[in-house]
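Printed here is work_7.cif (mmCIF, C-alpha atoms):
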data_start
#
loop_
_atom_site.label_atom_id
_atom_site.label_comp_id
_atom_site.auth_asym_id
_atom_site.auth_seq_id
_atom_site.Cartn_x
_atom_site.Cartn_y
_atom_site.Cartn_z
CA LEU G 590 35.72 -14.11 -1.50
CA ALA G 591 37.70 -17.16 -0.38
CA ARG G 592 36.41 -16.97 3.18
CA LYS G 593 36.14 -20.03 5.40
CA SER G 594 32.75 -18.97 6.76
CA PRO G 595 30.21 -16.14 6.51
CA ALA G 596 31.17 -15.17 10.06
CA SER G 597 34.59 -14.08 8.80
CA ILE G 598 33.03 -11.31 6.71
CA PRO G 599 32.87 -8.02 8.68
CA ALA G 600 29.29 -6.72 8.73
CA ASP G 601 30.25 -3.06 8.22
CA ARG G 602 33.02 -3.43 5.65
CA PRO G 603 32.17 -2.92 1.96
CA LEU G 604 32.21 -6.21 0.06
CA LEU G 605 34.12 -4.55 -2.79
CA GLU G 606 36.99 -3.90 -0.37
CA LEU G 607 37.01 -7.60 0.47
CA GLY G 608 37.58 -8.65 -3.14
CA LEU G 609 34.09 -8.73 -4.64
CA ASP G 610 34.31 -7.73 -8.30
CA SER G 611 31.55 -6.60 -10.69
CA LEU G 612 30.79 -10.08 -11.99
CA MET G 613 30.62 -11.49 -8.47
CA ALA G 614 28.35 -8.60 -7.46
CA VAL G 615 25.90 -9.47 -10.24
CA GLN G 616 26.05 -13.19 -9.36
CA LEU G 617 25.44 -12.47 -5.67
CA ARG G 618 22.58 -10.14 -6.56
CA ASN G 619 21.03 -12.88 -8.71
CA ARG G 620 21.38 -15.41 -5.90
CA LEU G 621 19.84 -13.03 -3.38
CA ALA G 622 16.96 -12.24 -5.74
CA SER G 623 16.37 -15.96 -6.27
CA ALA G 624 16.55 -16.76 -2.54
CA THR G 625 14.26 -13.92 -1.44
CA GLY G 626 11.92 -13.70 -4.41
CA LEU G 627 12.41 -9.94 -4.41
CA PRO G 628 13.16 -7.89 -7.52
CA LEU G 629 16.59 -6.36 -6.95
CA PRO G 630 18.44 -3.71 -8.96
CA VAL G 631 21.62 -4.62 -10.80
CA THR G 632 23.36 -1.97 -8.69
CA LEU G 633 22.33 -3.67 -5.43
CA LEU G 634 25.83 -4.12 -4.00
CA PHE G 635 26.93 -0.66 -5.05
CA ASP G 636 23.85 0.93 -3.46
CA HIS G 637 24.12 -1.28 -0.35
CA PRO G 638 27.82 -2.15 -0.15
CA THR G 639 28.06 -3.78 3.29
CA PRO G 640 26.43 -6.89 4.74
CA SER G 641 24.75 -4.62 7.32
CA ALA G 642 23.29 -2.42 4.59
CA LEU G 643 22.03 -5.47 2.71
CA THR G 644 20.46 -6.86 5.87
CA ALA G 645 18.67 -3.58 6.55
CA LEU G 646 17.37 -3.50 2.98
CA PHE G 647 16.05 -7.07 3.14
CA ARG G 648 14.41 -6.54 6.51
CA LYS G 649 12.69 -3.43 5.21
CA ARG G 650 11.56 -4.98 1.91
CA ILE G 651 10.34 -8.24 3.46
CA LEU G 652 8.54 -6.52 6.30
CA GLN G 653 6.90 -4.02 3.91
CA GLY G 654 5.47 -6.97 2.01
CA GLU G 655 4.13 -8.29 5.29
CA VAL G 656 2.42 -4.96 6.00
CA ARG G 657 0.71 -5.00 2.59
CA VAL G 658 -0.60 -8.51 3.21
CA ASP G 659 -1.76 -7.47 6.68
CA GLN G 660 -3.66 -4.52 5.20
CA GLN G 661 -5.30 -6.77 2.60
CA VAL G 662 -6.39 -9.25 5.25
CA HIS G 663 -7.88 -6.51 7.42
CA SER G 664 -9.70 -5.12 4.41
CA GLU G 665 -11.20 -8.54 3.64
CA VAL G 666 -12.27 -9.02 7.27
CA GLU G 667 -13.97 -5.62 7.18
CA ARG G 668 -15.75 -6.63 3.97
CA LEU G 669 -16.92 -9.83 5.62
CA GLU G 670 -18.14 -7.86 8.62
CA VAL G 671 -20.21 -5.57 6.41
CA ALA G 672 -21.64 -8.53 4.50
CA LEU G 673 -22.54 -10.34 7.71
CA SER G 674 -24.17 -7.26 9.20
CA THR G 675 -26.54 -7.08 6.24
CA MET G 676 -27.44 -10.76 6.69
CA TYR G 677 -27.78 -10.49 10.46
CA GLU G 678 -31.51 -9.95 10.25
CA ASN G 679 -32.09 -13.17 8.28
CA GLU G 680 -32.79 -15.67 11.08
CA ALA G 681 -32.59 -18.68 8.72
CA LEU G 682 -28.96 -17.93 7.74
CA ARG G 683 -27.62 -17.05 11.18
CA PRO G 684 -27.18 -20.58 12.65
CA ARG G 685 -25.35 -21.93 9.58
CA LEU G 686 -23.15 -18.85 9.24
CA THR G 687 -22.40 -18.86 12.95
CA GLU G 688 -21.38 -22.52 12.78
CA ARG G 689 -19.07 -21.91 9.81
CA LEU G 690 -17.50 -18.85 11.40
CA GLN G 691 -16.93 -20.73 14.66
CA ALA G 692 -15.31 -23.60 12.74
CA LEU G 693 -13.08 -21.13 10.91
CA LEU G 694 -12.13 -19.40 14.14
CA SER G 695 -11.40 -22.76 15.77
CA ARG G 696 -9.08 -23.76 12.91
CA TRP G 697 -7.44 -20.31 12.99
CA THR G 698 -6.71 -20.44 16.72
CA ASP G 699 -5.66 -24.11 16.89
CA PRO G 700 -1.87 -24.08 17.36
CA GLY G 701 -1.63 -27.50 15.70
CA ASP G 702 -2.58 -25.90 12.38
CA THR G 703 0.08 -23.20 12.52
CA PRO G 704 2.33 -23.33 9.44
CA VAL G 705 5.98 -24.08 10.12
CA ASP G 706 7.11 -20.73 8.64
CA SER G 707 4.41 -18.62 10.33
CA ASP G 708 6.98 -16.90 12.53
CA LEU G 709 9.40 -16.10 9.69
CA ALA G 710 8.88 -12.35 10.02
CA THR G 711 9.54 -12.54 13.77
CA LYS G 712 12.75 -14.47 13.13
CA LEU G 713 13.85 -11.93 10.50
CA ARG G 714 13.21 -9.00 12.82
CA SER G 715 15.37 -10.47 15.56
CA ALA G 716 18.08 -12.07 13.41
CA THR G 717 21.58 -10.71 13.48
CA ASP G 718 23.51 -9.99 10.29
CA LYS G 719 25.53 -13.17 10.88
CA GLU G 720 22.37 -15.28 11.23
CA LEU G 721 20.86 -13.87 8.03
CA PHE G 722 24.02 -14.49 6.02
CA LYS G 723 24.30 -17.98 7.52
CA LEU G 724 20.73 -18.64 6.33
CA PHE G 725 21.60 -17.44 2.81
CA ASP G 726 24.81 -19.47 2.85
CA ARG G 727 22.99 -22.62 3.97
CA ASP G 728 20.34 -22.14 1.28
CA PHE G 729 22.91 -21.70 -1.49
CA SER G 730 25.00 -24.64 -0.27
CA SER G 731 21.98 -26.93 -0.34
CA ARG G 732 21.24 -25.91 -3.94
CA GLY G 733 24.72 -26.76 -5.13
CA ASP G 734 25.29 -23.17 -6.31
CA ARG G 735 28.83 -23.04 -4.97
#

Translate the structure described by the file into structure tokens.
Amino acid sequence: LARKSPASIPADRPLLELGLDSLMAVQLRNRLASATGLPLPVTLLFDHPTPSALTALFRKRILQGEVRVDQQVHSEVERLEVALSTMYENEALRPRLTERLQALLSRWTDPGDTPVDSDLATKLRSATDKELFKLFDRDFSSRGDR
């Protein structure tokens, strides 16, 4: 689009009005799919023509994936709880299981073990359109895709 920076692209103006053609739309869609790991329709920029619309779509899709993972984790914890409740009466197993669970909980709650990207969803929720496009721009620039 021959812009000096992502900040010069109005968030609520359709990209097609700013000079994006069909080929560029497909290339951008491919780059966004690669950067996010999300399957995206070929009609992405026609269905979501503005940077704001794209941002809303990505927030929704990424956060939905987070909800699915959250549900899976809760389901597994419930399964563990049921399994432990059936073993609760076995006095020989209790001390070893308790020790392992306490070690797991200690590792889980130790802030030193927190992954660097653990707050990615929080950052995405609070990011502005400009910040999200700057992130995409920085990612593509570092890959030499320009």

**Item:** Interatomic distance (Å, one decimal) between CA of Leu669 in chain G and CA of Leu690 in chain G
**Value:** 10.7 Å

**Message:** Considering all atoms listed in the file, can you say which of G:Ala645, G:Met676, G:Leu633, G:Val666 comes closest to Ser715 in chain G?
**Reply:** G:Ala645

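Shortest separation to Ile598 in chain G among G:Gln616, G:Ser611, G:Ser623, G:Ser641 occurs at residue G:Ser641, atoms counted being all atoms listed in the file.
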
Residues picked by the PyMOL selection byres ((chain G and resi 637) around 12) here, as a compact mmCIF listing (two decimals) with C-alpha atoms, in the coordinates of the input?
# COMPACT_ATOMS: atom_id res chain seq x y z
CA ALA G 600 29.29 -6.72 8.73
CA ASP G 601 30.25 -3.06 8.22
CA ARG G 602 33.02 -3.43 5.65
CA PRO G 603 32.17 -2.92 1.96
CA LEU G 604 32.21 -6.21 0.06
CA LEU G 605 34.12 -4.55 -2.79
CA ALA G 614 28.35 -8.60 -7.46
CA ARG G 618 22.58 -10.14 -6.56
CA LEU G 629 16.59 -6.36 -6.95
CA PRO G 630 18.44 -3.71 -8.96
CA VAL G 631 21.62 -4.62 -10.80
CA THR G 632 23.36 -1.97 -8.69
CA LEU G 633 22.33 -3.67 -5.43
CA LEU G 634 25.83 -4.12 -4.00
CA PHE G 635 26.93 -0.66 -5.05
CA ASP G 636 23.85 0.93 -3.46
CA PRO G 638 27.82 -2.15 -0.15
CA THR G 639 28.06 -3.78 3.29
CA PRO G 640 26.43 -6.89 4.74
CA SER G 641 24.75 -4.62 7.32
CA ALA G 642 23.29 -2.42 4.59
CA LEU G 643 22.03 -5.47 2.71
CA THR G 644 20.46 -6.86 5.87
CA ALA G 645 18.67 -3.58 6.55
CA LEU G 646 17.37 -3.50 2.98
CA PHE G 647 16.05 -7.07 3.14

**Message:** Could you tell me how far CA of Pro595 in chain G sits from CA of Ala716 in chain G, in Å to one decimal place?
**Reply:** 14.5 Å

**Nearest to Arg648 in chain G by atom-to-atom distance, counting all atoms listed in the file, from G:Ser594, G:Gln691, G:Thr625, G:Asn619** = G:Thr625

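Separating CA of Glu720 in chain G from CA of Ser597 in chain G is a distance of 12.5 Å.
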
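In this comparison, which uses all atoms listed in the file, the residue of G:Val615, G:Ala596, G:Leu590, G:Glu606 approaching Lys723 in chain G most closely is G:Ala596.
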